[in-house]
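First comes the structure, then the notes that go with it.
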Amino acid sequence: QIQLVESGGGLVQPGGSLRLSCSAPGFSLSLDYYAIGWFRLAPGKEREGVSCILGSDGSTTYTDSVEGQITISNDAAKNTVYLQVNSLSPDDTAVYYCAVFIKDGDKACSDPESGHWGQGAQVTDSS
C-alpha cells in the first residue's frame with residue numbers, strides 16, 4: 001500500500017510563505033507512470049485540486065485561482081514533492097493533501113477517488 005506523508009504546514013502571517021512536503025517512504029514518486037497532485041479542503045468549501053505534476057516529464061498544471069502564487073516541484077533525489085505557497089491570505093487556509101495517481105497525461109490528477117492519499121497538513125493564515 002502506498003503511504004504518503006505531508007509536512008510543513010502551520011500558522012503563517014498574511015502575505016507570508018511556506019513550503020509543504022509530500023514524501024512516500026518505500027515508494028518512488030518519480031516513476032514515469034505516476035502523477036502527484038496537491039489538493040486542499042477549506043472550512044465550508046468543497047475539496048479543490050490545486051496542482052499536479054507528472055512523473056514522466058515533470059509537466060505541471062495549476063487551478064486558475066493559484067496561478068502565480070503556488071509552485072509544485074519534485075526532488076527525485078529526496079523522493080519528495082513540494083508545494084510552495086506564497087502571499088498567503090485567508091483564502092488559503094485549508095488542510096492540504098497530496099495524492100499519488102498511477103496515471104500519466106494532463107488528466108492524471110483529475111479523479112481524486114483513484115488516488116492514494118496522505119493524512120493532510122493544516123495551513124492557517126494567522127489573520
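Residues in the C-alpha cells are named by chain (A, B, ... in the order shown) and by number from 1 within that chain; ligands are numbered from 1 in the order shown.
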
Notebook entry, point to check: If we count only C-alpha atoms, what is near segment 10-21 of chain A at a cut-off of 8 Å, once residues fewer than 6 positions away on the same chain are taken out, given as a PyMOL selection string?
Noted result: chain A and resi 80-90+121-127

Next item on the list: Step one, run DSSP on the backbone; step two, keep only residues of chain A assigned to strand (DSSP E or B); then write them as a PyMOL selection string.
Entry: chain A and resi 4-7+10-12+18-23+35-41+48-54+60-62+70-75+80-85+94-101+116-118+121-125

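Put simply, atom CA of Tyr96 of chain A is 4.3 Å away from atom CA of Arg40 of chain A.
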
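These are the residues of segment 29-124 of chain A assigned helix (DSSP H, G or I) by DSSP from backbone coordinates: A:Asp64, A:Ser65, A:Val66, A:Ala76, A:Ala77, A:Lys78, A:Pro90, A:Asp91, A:Asp92, A:Pro112, A:Glu113, A:Ser114.
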
Keeping only all heavy atoms, write those residues as an mmCIF file, in the first residue's frame.
```
data_model
loop_
_atom_site.group_PDB
_atom_site.id
_atom_site.type_symbol
_atom_site.label_atom_id
_atom_site.label_comp_id
_atom_site.auth_asym_id
_atom_site.auth_seq_id
_atom_site.Cartn_x
_atom_site.Cartn_y
_atom_site.Cartn_z
ATOM 1 N N ASP A 64 -6.803 27.705 -11.735
ATOM 2 C CA ASP A 64 -6.657 29.110 -12.116
ATOM 3 C C ASP A 64 -6.427 30.032 -10.928
ATOM 4 O O ASP A 64 -5.655 31.003 -11.010
ATOM 5 C CB ASP A 64 -7.902 29.570 -12.877
ATOM 6 C CG ASP A 64 -7.997 28.960 -14.256
ATOM 7 O OD1 ASP A 64 -6.982 28.404 -14.729
ATOM 8 O OD2 ASP A 64 -9.081 29.027 -14.866
ATOM 9 N N SER A 65 -7.067 29.730 -9.814
ATOM 10 C CA SER A 65 -7.028 30.650 -8.674
ATOM 11 C C SER A 65 -5.661 30.739 -8.006
ATOM 12 O O SER A 65 -5.413 31.666 -7.244
ATOM 13 C CB SER A 65 -8.073 30.251 -7.632
ATOM 14 O OG SER A 65 -7.798 28.971 -7.116
ATOM 15 N N VAL A 66 -4.750 29.806 -8.289
ATOM 16 C CA VAL A 66 -3.437 29.827 -7.629
ATOM 17 C C VAL A 66 -2.299 30.099 -8.596
ATOM 18 O O VAL A 66 -1.130 30.102 -8.209
ATOM 19 C CB VAL A 66 -3.164 28.503 -6.877
ATOM 20 C CG1 VAL A 66 -4.282 28.204 -5.890
ATOM 21 C CG2 VAL A 66 -2.951 27.344 -7.842
ATOM 22 N N ALA A 76 13.622 14.422 -7.047
ATOM 23 C CA ALA A 76 13.742 12.968 -7.134
ATOM 24 C C ALA A 76 14.777 12.426 -6.157
ATOM 25 O O ALA A 76 14.602 11.340 -5.601
ATOM 26 C CB ALA A 76 14.105 12.575 -8.564
ATOM 27 N N ALA A 77 15.833 13.161 -5.925
ATOM 28 C CA ALA A 77 16.893 12.697 -5.026
ATOM 29 C C ALA A 77 16.371 12.540 -3.595
ATOM 30 O O ALA A 77 16.813 11.665 -2.853
ATOM 31 C CB ALA A 77 18.069 13.660 -5.055
ATOM 32 N N LYS A 78 15.431 13.389 -3.221
ATOM 33 C CA LYS A 78 14.849 13.329 -1.878
ATOM 34 C C LYS A 78 13.511 12.599 -1.871
ATOM 35 O O LYS A 78 12.882 12.485 -0.819
ATOM 36 C CB LYS A 78 14.682 14.738 -1.323
ATOM 37 C CG LYS A 78 15.996 15.476 -1.106
ATOM 38 C CD LYS A 78 15.780 16.842 -0.473
ATOM 39 C CE LYS A 78 17.122 17.538 -0.233
ATOM 40 N NZ LYS A 78 16.951 18.873 0.384
ATOM 41 N N PRO A 90 -6.320 34.656 3.850
ATOM 42 C CA PRO A 90 -7.307 33.776 4.489
ATOM 43 C C PRO A 90 -7.898 32.738 3.537
ATOM 44 O O PRO A 90 -8.310 31.662 3.981
ATOM 45 C CB PRO A 90 -8.370 34.766 4.959
ATOM 46 C CG PRO A 90 -7.611 36.022 5.221
ATOM 47 C CD PRO A 90 -6.561 36.080 4.152
ATOM 48 N N ASP A 91 -7.923 33.051 2.244
ATOM 49 C CA ASP A 91 -8.460 32.095 1.266
ATOM 50 C C ASP A 91 -7.623 30.822 1.166
ATOM 51 O O ASP A 91 -8.091 29.810 0.629
ATOM 52 C CB ASP A 91 -8.554 32.741 -0.116
ATOM 53 C CG ASP A 91 -9.652 33.787 -0.186
ATOM 54 O OD1 ASP A 91 -10.545 33.767 0.684
ATOM 55 O OD2 ASP A 91 -9.598 34.629 -1.100
ATOM 56 N N ASP A 92 -6.386 30.881 1.641
ATOM 57 C CA ASP A 92 -5.501 29.725 1.560
ATOM 58 C C ASP A 92 -5.569 28.833 2.793
ATOM 59 O O ASP A 92 -4.941 27.771 2.818
ATOM 60 C CB ASP A 92 -4.061 30.189 1.352
ATOM 61 C CG ASP A 92 -3.900 30.982 0.066
ATOM 62 O OD1 ASP A 92 -4.368 30.498 -0.979
ATOM 63 O OD2 ASP A 92 -3.318 32.089 0.135
ATOM 64 N N PRO A 112 -9.905 12.377 -8.127
ATOM 65 C CA PRO A 112 -9.349 12.233 -6.780
ATOM 66 C C PRO A 112 -9.612 10.868 -6.148
ATOM 67 O O PRO A 112 -8.784 10.368 -5.371
ATOM 68 C CB PRO A 112 -10.053 13.341 -5.995
ATOM 69 C CG PRO A 112 -10.391 14.370 -7.017
ATOM 70 C CD PRO A 112 -10.729 13.590 -8.247
ATOM 71 N N GLU A 113 -10.732 10.266 -6.467
ATOM 72 C CA GLU A 113 -11.077 8.997 -5.829
ATOM 73 C C GLU A 113 -10.135 7.872 -6.237
ATOM 74 O O GLU A 113 -10.082 6.832 -5.575
ATOM 75 C CB GLU A 113 -12.521 8.619 -6.168
ATOM 76 C CG GLU A 113 -13.543 9.673 -5.746
ATOM 77 C CD GLU A 113 -13.402 10.100 -4.296
ATOM 78 O OE1 GLU A 113 -13.162 9.228 -3.427
ATOM 79 O OE2 GLU A 113 -13.521 11.314 -4.017
ATOM 80 N N SER A 114 -9.400 8.043 -7.301
ATOM 81 C CA SER A 114 -8.493 6.993 -7.773
ATOM 82 C C SER A 114 -7.095 7.120 -7.194
ATOM 83 O O SER A 114 -6.221 6.303 -7.513
ATOM 84 C CB SER A 114 -8.410 7.015 -9.299
ATOM 85 O OG SER A 114 -7.766 8.200 -9.750
#
```

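One finds atom CA of Thr93 of chain A at 13.6 Å from atom CA of Ile70 of chain A.
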
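Nearest to Gly105 of chain A of all the residues A:Thr61, A:Gly37, A:Ser23, A:Leu54 is A:Leu54, based on only C-alpha atoms.
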
Could you give me, as a tab-separated table, a per-residue list for segment 43-121 of chain A showing, wherever an atom lies at most 12 Å from an atom of segment 27-31 of chain A, the closest pair of atoms and their distance in Å to one decimal, using only C-alpha atoms and sorting by chain then residue number from low to high?
```
residue	atom	partner	partner_atom	distance
A:Ile53	CA	A:Ser30	CA	9.9
A:Leu54	CA	A:Ser30	CA	8.4
A:Gly55	CA	A:Ser30	CA	5.0
A:Ser56	CA	A:Leu31	CA	6.7
A:Asp57	CA	A:Ser30	CA	9.6
A:Gly58	CA	A:Ser30	CA	8.9
A:Ser73	CA	A:Ser30	CA	11.1
A:Asn74	CA	A:Ser30	CA	7.7
A:Asp75	CA	A:Ser30	CA	8.4
A:Ala76	CA	A:Ser30	CA	5.9
A:Ala77	CA	A:Ser30	CA	9.2
A:Lys78	CA	A:Leu29	CA	9.6
A:Asn79	CA	A:Leu29	CA	5.9
A:Thr80	CA	A:Leu29	CA	7.0
A:Val81	CA	A:Leu29	CA	7.7
A:Tyr82	CA	A:Leu29	CA	11.4
A:Cys98	CA	A:Leu29	CA	11.4
A:Ala99	CA	A:Leu29	CA	10.4
A:Val100	CA	A:Leu29	CA	7.8
A:Phe101	CA	A:Leu29	CA	9.9
A:Ile102	CA	A:Leu31	CA	9.4
A:Lys103	CA	A:Leu31	CA	10.3
A:Asp104	CA	A:Leu31	CA	10.2
A:His116	CA	A:Phe27	CA	11.8
```

Grab the residues selected above and save them as a compact mmCIF listing (two decimals), in the first residue's frame with N, CA and C atoms.
```
# COMPACT_ATOMS: atom_id res chain seq x y z
N ILE A 53 1.69 17.31 -10.85
CA ILE A 53 2.96 17.17 -11.55
C ILE A 53 3.10 15.74 -12.05
N LEU A 54 3.54 15.59 -13.29
CA LEU A 54 3.68 14.28 -13.88
C LEU A 54 5.08 13.72 -13.65
N GLY A 55 5.16 12.44 -13.33
CA GLY A 55 6.46 11.81 -13.16
C GLY A 55 7.17 11.62 -14.49
N SER A 56 6.44 11.50 -15.59
CA SER A 56 7.04 11.20 -16.89
C SER A 56 7.89 12.34 -17.42
N ASP A 57 7.39 13.58 -17.30
CA ASP A 57 8.14 14.69 -17.89
C ASP A 57 8.20 15.91 -17.00
N GLY A 58 7.66 15.81 -15.78
CA GLY A 58 7.71 16.93 -14.85
C GLY A 58 6.77 18.07 -15.19
N SER A 73 6.79 21.19 -7.27
CA SER A 73 8.07 20.71 -7.77
C SER A 73 8.35 19.33 -7.22
N ASN A 74 9.27 18.64 -7.88
CA ASN A 74 9.61 17.27 -7.50
C ASN A 74 11.11 17.15 -7.36
N ASP A 75 11.59 16.76 -6.20
CA ASP A 75 13.01 16.50 -5.97
C ASP A 75 13.18 14.99 -5.93
N ALA A 76 13.62 14.42 -7.05
CA ALA A 76 13.74 12.97 -7.13
C ALA A 76 14.78 12.43 -6.16
N ALA A 77 15.83 13.16 -5.93
CA ALA A 77 16.89 12.70 -5.03
C ALA A 77 16.37 12.54 -3.59
N LYS A 78 15.43 13.39 -3.22
CA LYS A 78 14.85 13.33 -1.88
C LYS A 78 13.51 12.60 -1.87
N ASN A 79 13.09 12.15 -3.04
CA ASN A 79 11.80 11.45 -3.16
C ASN A 79 10.68 12.25 -2.51
N THR A 80 10.65 13.53 -2.83
CA THR A 80 9.71 14.44 -2.20
C THR A 80 9.12 15.38 -3.26
N VAL A 81 7.84 15.62 -3.14
CA VAL A 81 7.17 16.62 -3.96
C VAL A 81 6.80 17.79 -3.06
N TYR A 82 7.07 18.99 -3.53
CA TYR A 82 6.86 20.18 -2.73
C TYR A 82 5.72 21.02 -3.30
N CYS A 98 -1.67 15.65 -0.30
CA CYS A 98 -1.06 15.18 -1.54
C CYS A 98 -1.61 13.78 -1.84
N ALA A 99 -1.62 13.46 -3.11
CA ALA A 99 -2.12 12.16 -3.55
C ALA A 99 -1.30 11.70 -4.75
N VAL A 100 -1.07 10.42 -4.84
CA VAL A 100 -0.35 9.85 -5.98
C VAL A 100 -1.35 9.07 -6.84
N PHE A 101 -1.20 9.24 -8.14
CA PHE A 101 -2.07 8.58 -9.11
C PHE A 101 -1.21 7.74 -10.05
N ILE A 102 -1.65 6.51 -10.28
CA ILE A 102 -0.91 5.64 -11.21
C ILE A 102 -1.45 5.92 -12.61
N LYS A 103 -1.15 7.09 -13.09
CA LYS A 103 -1.65 7.58 -14.37
C LYS A 103 -0.64 8.55 -14.94
N ASP A 104 -0.80 8.83 -16.21
CA ASP A 104 0.01 9.83 -16.89
C ASP A 104 -0.91 10.69 -17.74
N HIS A 116 -4.02 7.69 -4.11
CA HIS A 116 -3.60 7.25 -2.78
C HIS A 116 -3.21 8.51 -2.00
```

Item checked: Selection near Val5 of chain A, 7 Å with only C-alpha atoms, sequence-local residues under 3 positions removed, as a PyMOL selection string -> chain A and resi 22-24+118-119

Write a file of the just-selected residues containing all heavy atoms, as a PDB file, in the first residue's frame.
```
ATOM      1  N   CYS A  22       5.674  16.446   0.491  1.00  0.00           N
ATOM      2  CA  CYS A  22       4.950  15.181   0.364  1.00  0.00           C
ATOM      3  C   CYS A  22       5.982  14.091   0.095  1.00  0.00           C
ATOM      4  O   CYS A  22       6.658  14.126  -0.934  1.00  0.00           O
ATOM      5  CB  CYS A  22       3.952  15.261  -0.770  1.00  0.00           C
ATOM      6  SG  CYS A  22       3.093  13.715  -1.137  1.00  0.00           S
ATOM      7  N   SER A  23       6.105  13.168   1.012  1.00  0.00           N
ATOM      8  CA  SER A  23       7.062  12.080   0.844  1.00  0.00           C
ATOM      9  C   SER A  23       6.317  10.755   0.869  1.00  0.00           C
ATOM     10  O   SER A  23       5.180  10.664   1.336  1.00  0.00           O
ATOM     11  CB  SER A  23       8.133  12.117   1.937  1.00  0.00           C
ATOM     12  OG  SER A  23       7.543  11.946   3.210  1.00  0.00           O
ATOM     13  N   ALA A  24       6.993   9.722   0.388  1.00  0.00           N
ATOM     14  CA  ALA A  24       6.378   8.395   0.308  1.00  0.00           C
ATOM     15  C   ALA A  24       7.410   7.341   0.669  1.00  0.00           C
ATOM     16  O   ALA A  24       8.092   6.799  -0.208  1.00  0.00           O
ATOM     17  CB  ALA A  24       5.833   8.146  -1.094  1.00  0.00           C
ATOM     18  N   GLY A 118      -2.400  11.142   1.437  1.00  0.00           N
ATOM     19  CA  GLY A 118      -1.787  11.338   2.725  1.00  0.00           C
ATOM     20  C   GLY A 118      -2.813  11.794   3.744  1.00  0.00           C
ATOM     21  O   GLY A 118      -4.003  11.906   3.450  1.00  0.00           O
ATOM     22  N   GLN A 119      -2.313  12.080   4.943  1.00  0.00           N
ATOM     23  CA  GLN A 119      -3.217  12.424   6.045  1.00  0.00           C
ATOM     24  C   GLN A 119      -3.558  13.902   6.101  1.00  0.00           C
ATOM     25  O   GLN A 119      -4.463  14.307   6.831  1.00  0.00           O
ATOM     26  CB  GLN A 119      -2.589  11.989   7.373  1.00  0.00           C
ATOM     27  CG  GLN A 119      -1.568  12.964   7.968  1.00  0.00           C
ATOM     28  CD  GLN A 119      -0.267  13.032   7.207  1.00  0.00           C
ATOM     29  OE1 GLN A 119       0.012  12.196   6.347  1.00  0.00           O
ATOM     30  NE2 GLN A 119       0.572  14.017   7.528  1.00  0.00           N
TER      31      GLN A 119
END
```

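Restricting the calculation to only C-alpha atoms, the smallest distance between Ala35 of chain A and any of A:Gln1, A:Thr60, A:Ser7, A:Gln69 is found for A:Thr60.
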
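Restricting the calculation to only C-alpha atoms, the smallest distance between Val50 of chain A and any of A:Asp106, A:Glu6, A:Glu67, A:Asp32 is found for A:Glu67.
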